[in-house]
>>> print(open('work-v1.csv').read())   # CSV, C-alpha atoms
chain,number,residue,atom,x,y,z
A,1411,LEU,CA,-147.6,94.6,119.1
A,1412,TYR,CA,-148.6,96.4,122.3
A,1413,LYS,CA,-151.0,99.1,123.0
A,1414,GLY,CA,-150.1,101.7,125.5
A,1415,ILE,CA,-152.3,104.6,126.5
A,1416,GLU,CA,-150.8,107.8,127.9
A,1417,ASP,CA,-152.4,110.1,130.4
A,1418,ASP,CA,-153.9,111.9,127.5
A,1419,LEU,CA,-156.4,109.3,126.4
A,1420,SER,CA,-156.4,110.7,122.9
A,1421,VAL,CA,-152.9,109.4,122.3
A,1422,ILE,CA,-152.2,105.8,121.6
A,1423,ARG,CA,-148.7,104.3,121.3
A,1424,LEU,CA,-148.0,101.1,119.4
A,1425,SER,CA,-144.9,99.1,118.8
A,1426,VAL,CA,-144.8,97.6,115.3
A,1427,ARG,CA,-141.8,95.4,114.5
A,1428,GLY,CA,-139.6,97.4,116.8
A,1429,TYR,CA,-140.8,100.8,115.6
A,1430,GLU,CA,-142.7,103.1,117.9
A,1431,VAL,CA,-145.9,104.6,116.5
A,1432,THR,CA,-148.0,107.3,118.1
A,1433,LEU,CA,-151.6,107.8,117.0
A,1434,ARG,CA,-153.2,111.0,118.0
A,1435,ASN,CA,-156.6,110.6,116.4
A,1436,PRO,CA,-158.7,108.3,118.6
A,1437,GLU,CA,-161.3,107.5,115.9
A,1438,LEU,CA,-158.6,106.5,113.4
A,1439,ALA,CA,-156.7,104.5,116.1
A,1440,GLU,CA,-159.9,102.6,116.9
A,1441,LEU,CA,-160.3,101.7,113.2
A,1442,ILE,CA,-156.6,100.7,112.9
A,1443,MET,CA,-156.8,98.5,116.0
A,1444,GLU,CA,-159.8,96.6,114.5
A,1445,LEU,CA,-157.6,95.5,111.5
A,1446,GLN,CA,-156.1,92.1,111.4
A,1447,ALA,CA,-152.5,92.2,112.7
A,1448,ARG,CA,-150.8,91.8,109.3
A,1449,LYS,CA,-153.0,94.5,107.7
A,1450,ARG,CA,-152.2,96.8,110.6
A,1451,GLU,CA,-148.5,96.2,110.3
A,1452,ILE,CA,-148.4,96.9,106.6
A,1453,LEU,CA,-150.5,100.1,107.0
A,1454,LEU,CA,-148.4,101.5,109.9
A,1455,LEU,CA,-145.0,100.5,108.4
A,1456,ASN,CA,-145.9,102.3,105.2
A,1457,GLU,CA,-148.0,105.2,106.2
A,1458,ILE,CA,-146.5,106.1,109.6
A,1459,ILE,CA,-143.0,104.7,109.6
A,1460,GLY,CA,-142.4,105.5,105.9
A,1461,LEU,CA,-141.1,102.1,104.7
A,1462,SER,CA,-141.5,101.4,101.1
A,1463,LEU,CA,-143.7,98.5,100.0
A,1464,ALA,CA,-140.5,96.6,99.0
A,1465,GLU,CA,-139.0,97.2,102.4
A,1466,ILE,CA,-142.1,95.9,104.1
A,1467,ALA,CA,-142.1,92.8,101.9
A,1468,ALA,CA,-138.5,92.1,103.0
A,1469,GLU,CA,-139.3,92.9,106.7
A,1470,LEU,CA,-142.3,90.6,106.7
A,1471,ASP,CA,-140.8,88.0,104.4
A,1472,ILE,CA,-143.7,88.1,102.0
A,1473,GLU,CA,-144.1,88.9,98.3
A,1474,TYR,CA,-144.2,92.5,97.2
A,1475,GLU,CA,-147.5,92.0,95.3
A,1476,THR,CA,-149.0,90.7,98.6
A,1477,VAL,CA,-148.0,93.8,100.4
A,1478,LYS,CA,-149.3,96.0,97.6
A,1479,SER,CA,-152.7,94.4,97.4
A,1480,THR,CA,-153.0,94.2,101.2
A,1481,LYS,CA,-152.4,97.9,101.6
A,1482,SER,CA,-155.0,98.7,98.9
A,1483,LYS,CA,-157.5,96.5,100.8
A,1484,VAL,CA,-156.6,98.1,104.1
A,1485,ILE,CA,-157.2,101.6,102.8
A,1486,ARG,CA,-160.6,100.5,101.3
A,1487,ASP,CA,-161.5,98.8,104.7
A,1488,LEU,CA,-160.6,102.0,106.6
A,1489,LYS,CA,-162.7,104.1,104.4
A,1490,LYS,CA,-165.7,101.8,104.8
A,1491,GLY,CA,-165.2,101.7,108.6
A,1492,ALA,CA,-165.0,105.5,108.8
A,1493,ALA,CA,-168.2,105.8,106.6
A,1494,LYS,CA,-170.0,103.3,108.9
A,1495,LYS,CA,-169.0,105.3,112.0
A,1496,ASN,CA,-170.2,108.5,110.4
A,1497,GLU,CA,-173.5,106.9,109.6
A,1498,LYS,CA,-174.0,105.8,113.2
A,1499,GLN,CA,-173.3,109.4,114.4
A,1500,ASP,CA,-175.9,110.9,112.1
>>> encode(input="work-v1.csv", output="structure tokens")
Amino acid sequence: LYKGIEDDLSVIRLSVRGYEVTLRNPELAELIMELQARKREILLLNEIIGLSLAEIAAELDIEYETVKSTKSKVIRDLKKGAAKKNEKQD
């Protein structure tokens, strides 16, 4: 995984398992970068790249149920992180 920042600081480019990902929302990108590497991979491969959970399980050589439960936890963690950031801004 690498993090590259373009001239436009609101755009962050990542490489995940050979796939190029561009994040245009700096607040969301910050939350995603705070995730553990495996959680970040699962989230980006599913939500941005569009791989199914079964395809991700095969790509990462882990059980389907592990991918499914990890993705659920990641979504929950992102919601909590966003809520905390909103509280700090208020």
>>> residues_around(input="work-v1.csv", residues="Glu1465 (chain A)", least_positions_apart="3", cutoff="10 Å", atoms="all atoms listed in the file", output="PyMOL selection string")
chain A and resi 1455-1456+1460-1462+1468-1471+1474+1477
>>> atom_distance(input="work-v1.csv", atom1="CA of Arg1448 (chain A)", atom2="CA of Lys1494 (chain A)")
22.4 Å
>>> atom_distance(input="work-v1.csv", atom1="CA of Leu1441 (chain A)", atom2="CA of Lys1489 (chain A)")
9.4 Å
>>> closest_residue(input="work-v1.csv", among="A:Lys1498, A:Arg1450, A:Arg1486, A:Lys1478", to="Arg1427 (chain A)", atoms="all atoms listed in the file")
A:Arg1450
>>> residues_around(input="work-v1.csv", residues="Leu1438 (chain A)", least_positions_apart="5", cutoff="12 Å", atoms="all atoms listed in the file", output="ChimeraX atom specification")
/A:1420-1422,1432-1433,1443-1445,1450,1454,1485,1487-1489,1491-1493,1495
>>> atom_distance(input="work-v1.csv", atom1="CA of Asn1496 (chain A)", atom2="CA of Glu1430 (chain A)")
29.0 Å
>>> residues_around(input="work-v1.csv", residues="Val1431 (chain A)", least_positions_apart="5", cutoff="9 Å", atoms="only C-alpha atoms", output="PyMOL selection string")
chain A and resi 1422-1426+1454+1458-1459
>>> write_last_selection(input="work-v1.csv", atoms="C-alpha atoms", output="PDB file, keeping the file's coordinate frame")
ATOM      1  CA  ILE A1422    -152.200 105.800 121.600  1.00  0.00           C
ATOM      2  CA  ARG A1423    -148.700 104.300 121.300  1.00  0.00           C
ATOM      3  CA  LEU A1424    -148.000 101.100 119.400  1.00  0.00           C
ATOM      4  CA  SER A1425    -144.900  99.100 118.800  1.00  0.00           C
ATOM      5  CA  VAL A1426    -144.800  97.600 115.300  1.00  0.00           C
ATOM      6  CA  LEU A1454    -148.400 101.500 109.900  1.00  0.00           C
ATOM      7  CA  ILE A1458    -146.500 106.100 109.600  1.00  0.00           C
ATOM      8  CA  ILE A1459    -143.000 104.700 109.600  1.00  0.00           C
TER       9      ILE A1459
END
>>> closest_residue(input="work-v1.csv", among="A:Val1484, A:Glu1497, A:Gln1446, A:Glu1451", to="Gly1428 (chain A)", atoms="all atoms listed in the file")
A:Glu1451
>>> decode(input="work-v1.csv", residues="region 1411-1497 of chain A", atoms="C-alpha atoms", output="PDB file, in the first residue's frame")
ATOM      1  CA  LEU A1411       0.000   0.000   0.000  1.00  0.00           C
ATOM      2  CA  TYR A1412       1.303   3.442  -0.815  1.00  0.00           C
ATOM      3  CA  LYS A1413      -0.149   6.847  -0.302  1.00  0.00           C
ATOM      4  CA  GLY A1414       0.404   9.476  -2.946  1.00  0.00           C
ATOM      5  CA  ILE A1415      -0.932  12.987  -2.775  1.00  0.00           C
ATOM      6  CA  GLU A1416      -1.518  14.942  -5.963  1.00  0.00           C
ATOM      7  CA  ASP A1417      -1.093  18.687  -6.355  1.00  0.00           C
ATOM      8  CA  ASP A1418      -4.715  18.952  -5.304  1.00  0.00           C
ATOM      9  CA  LEU A1419      -4.370  18.003  -1.626  1.00  0.00           C
ATOM     10  CA  SER A1420      -7.984  16.879  -1.473  1.00  0.00           C
ATOM     11  CA  VAL A1421      -7.186  13.883  -3.720  1.00  0.00           C
ATOM     12  CA  ILE A1422      -5.406  10.869  -2.263  1.00  0.00           C
ATOM     13  CA  ARG A1423      -4.295   7.927  -4.395  1.00  0.00           C
ATOM     14  CA  LEU A1424      -3.715   4.472  -2.953  1.00  0.00           C
ATOM     15  CA  SER A1425      -2.604   1.157  -4.378  1.00  0.00           C
ATOM     16  CA  VAL A1426      -4.435  -1.844  -2.952  1.00  0.00           C
ATOM     17  CA  ARG A1427      -3.339  -5.262  -4.184  1.00  0.00           C
ATOM     18  CA  GLY A1428      -2.400  -3.791  -7.558  1.00  0.00           C
ATOM     19  CA  TYR A1429      -5.598  -1.773  -7.922  1.00  0.00           C
ATOM     20  CA  GLU A1430      -5.378   2.017  -8.020  1.00  0.00           C
ATOM     21  CA  VAL A1431      -7.829   3.830  -5.738  1.00  0.00           C
ATOM     22  CA  THR A1432      -8.529   7.559  -5.706  1.00  0.00           C
ATOM     23  CA  LEU A1433     -10.186   9.130  -2.681  1.00  0.00           C
ATOM     24  CA  ARG A1434     -11.524  12.637  -3.204  1.00  0.00           C
ATOM     25  CA  ASN A1435     -12.992  13.215   0.242  1.00  0.00           C
ATOM     26  CA  PRO A1436     -10.173  14.158   2.636  1.00  0.00           C
ATOM     27  CA  GLU A1437     -12.193  13.452   5.796  1.00  0.00           C
ATOM     28  CA  LEU A1438     -13.144   9.977   4.586  1.00  0.00           C
ATOM     29  CA  ALA A1439      -9.597   9.331   3.375  1.00  0.00           C
ATOM     30  CA  GLU A1440      -8.252  10.220   6.814  1.00  0.00           C
ATOM     31  CA  LEU A1441     -10.646   7.781   8.485  1.00  0.00           C
ATOM     32  CA  ILE A1442      -9.759   5.046   6.000  1.00  0.00           C
ATOM     33  CA  MET A1443      -6.025   5.563   6.498  1.00  0.00           C
ATOM     34  CA  GLU A1444      -6.506   5.107  10.255  1.00  0.00           C
ATOM     35  CA  LEU A1445      -7.878   1.582   9.712  1.00  0.00           C
ATOM     36  CA  GLN A1446      -5.706  -1.478  10.124  1.00  0.00           C
ATOM     37  CA  ALA A1447      -4.253  -2.590   6.780  1.00  0.00           C
ATOM     38  CA  ARG A1448      -6.446  -5.702   6.386  1.00  0.00           C
ATOM     39  CA  LYS A1449      -9.613  -3.763   7.214  1.00  0.00           C
ATOM     40  CA  ARG A1450      -8.635  -1.025   4.762  1.00  0.00           C
ATOM     41  CA  GLU A1451      -7.980  -3.594   2.024  1.00  0.00           C
ATOM     42  CA  ILE A1452     -11.344  -5.286   2.493  1.00  0.00           C
ATOM     43  CA  LEU A1453     -13.227  -1.991   2.498  1.00  0.00           C
ATOM     44  CA  LEU A1454     -11.517  -0.561  -0.576  1.00  0.00           C
ATOM     45  CA  LEU A1455     -11.593  -3.785  -2.574  1.00  0.00           C
ATOM     46  CA  ASN A1456     -15.332  -4.116  -1.978  1.00  0.00           C
ATOM     47  CA  GLU A1457     -16.653  -0.560  -1.933  1.00  0.00           C
ATOM     48  CA  ILE A1458     -14.309   1.167  -4.392  1.00  0.00           C
ATOM     49  CA  ILE A1459     -12.936  -1.575  -6.651  1.00  0.00           C
ATOM     50  CA  GLY A1460     -16.203  -3.517  -6.632  1.00  0.00           C
ATOM     51  CA  LEU A1461     -14.939  -7.007  -5.835  1.00  0.00           C
ATOM     52  CA  SER A1462     -17.454  -9.321  -4.209  1.00  0.00           C
ATOM     53  CA  LEU A1463     -16.802 -10.606  -0.700  1.00  0.00           C
ATOM     54  CA  ALA A1464     -16.076 -14.049  -2.196  1.00  0.00           C
ATOM     55  CA  GLU A1465     -13.535 -12.543  -4.604  1.00  0.00           C
ATOM     56  CA  ILE A1466     -11.878 -10.694  -1.723  1.00  0.00           C
ATOM     57  CA  ALA A1467     -11.694 -13.895   0.327  1.00  0.00           C
ATOM     58  CA  ALA A1468      -9.939 -15.611  -2.567  1.00  0.00           C
ATOM     59  CA  GLU A1469      -7.615 -12.628  -3.189  1.00  0.00           C
ATOM     60  CA  LEU A1470      -6.596 -12.418   0.480  1.00  0.00           C
ATOM     61  CA  ASP A1471      -6.667 -16.205   1.015  1.00  0.00           C
ATOM     62  CA  ILE A1472      -9.017 -15.959   3.988  1.00  0.00           C
ATOM     63  CA  GLU A1473     -12.465 -17.335   4.789  1.00  0.00           C
ATOM     64  CA  TYR A1474     -15.545 -15.680   3.294  1.00  0.00           C
ATOM     65  CA  GLU A1475     -17.114 -15.258   6.765  1.00  0.00           C
ATOM     66  CA  THR A1476     -13.972 -13.436   7.941  1.00  0.00           C
ATOM     67  CA  VAL A1477     -14.287 -10.975   5.069  1.00  0.00           C
ATOM     68  CA  LYS A1478     -18.005 -10.509   5.733  1.00  0.00           C
ATOM     69  CA  SER A1479     -17.618  -9.876   9.470  1.00  0.00           C
ATOM     70  CA  THR A1480     -14.566  -7.647   8.972  1.00  0.00           C
ATOM     71  CA  LYS A1481     -16.416  -5.483   6.464  1.00  0.00           C
ATOM     72  CA  SER A1482     -19.326  -5.063   8.903  1.00  0.00           C
ATOM     73  CA  LYS A1483     -16.892  -4.026  11.647  1.00  0.00           C
ATOM     74  CA  VAL A1484     -15.151  -1.578   9.300  1.00  0.00           C
ATOM     75  CA  ILE A1485     -18.416   0.146   8.396  1.00  0.00           C
ATOM     76  CA  ARG A1486     -19.295   0.398  12.093  1.00  0.00           C
ATOM     77  CA  ASP A1487     -15.817   1.776  12.908  1.00  0.00           C
ATOM     78  CA  LEU A1488     -16.030   4.374  10.122  1.00  0.00           C
ATOM     79  CA  LYS A1489     -19.428   5.546  11.370  1.00  0.00           C
ATOM     80  CA  LYS A1490     -18.075   5.875  14.912  1.00  0.00           C
ATOM     81  CA  GLY A1491     -14.986   7.716  13.653  1.00  0.00           C
ATOM     82  CA  ALA A1492     -17.089  10.128  11.603  1.00  0.00           C
ATOM     83  CA  ALA A1493     -19.379  10.771  14.571  1.00  0.00           C
ATOM     84  CA  LYS A1494     -16.377  11.539  16.804  1.00  0.00           C
ATOM     85  CA  LYS A1495     -14.967  13.974  14.238  1.00  0.00           C
ATOM     86  CA  ASN A1496     -18.332  15.701  14.006  1.00  0.00           C
ATOM     87  CA  GLU A1497     -18.502  16.019  17.806  1.00  0.00           C
TER      88      GLU A1497
END
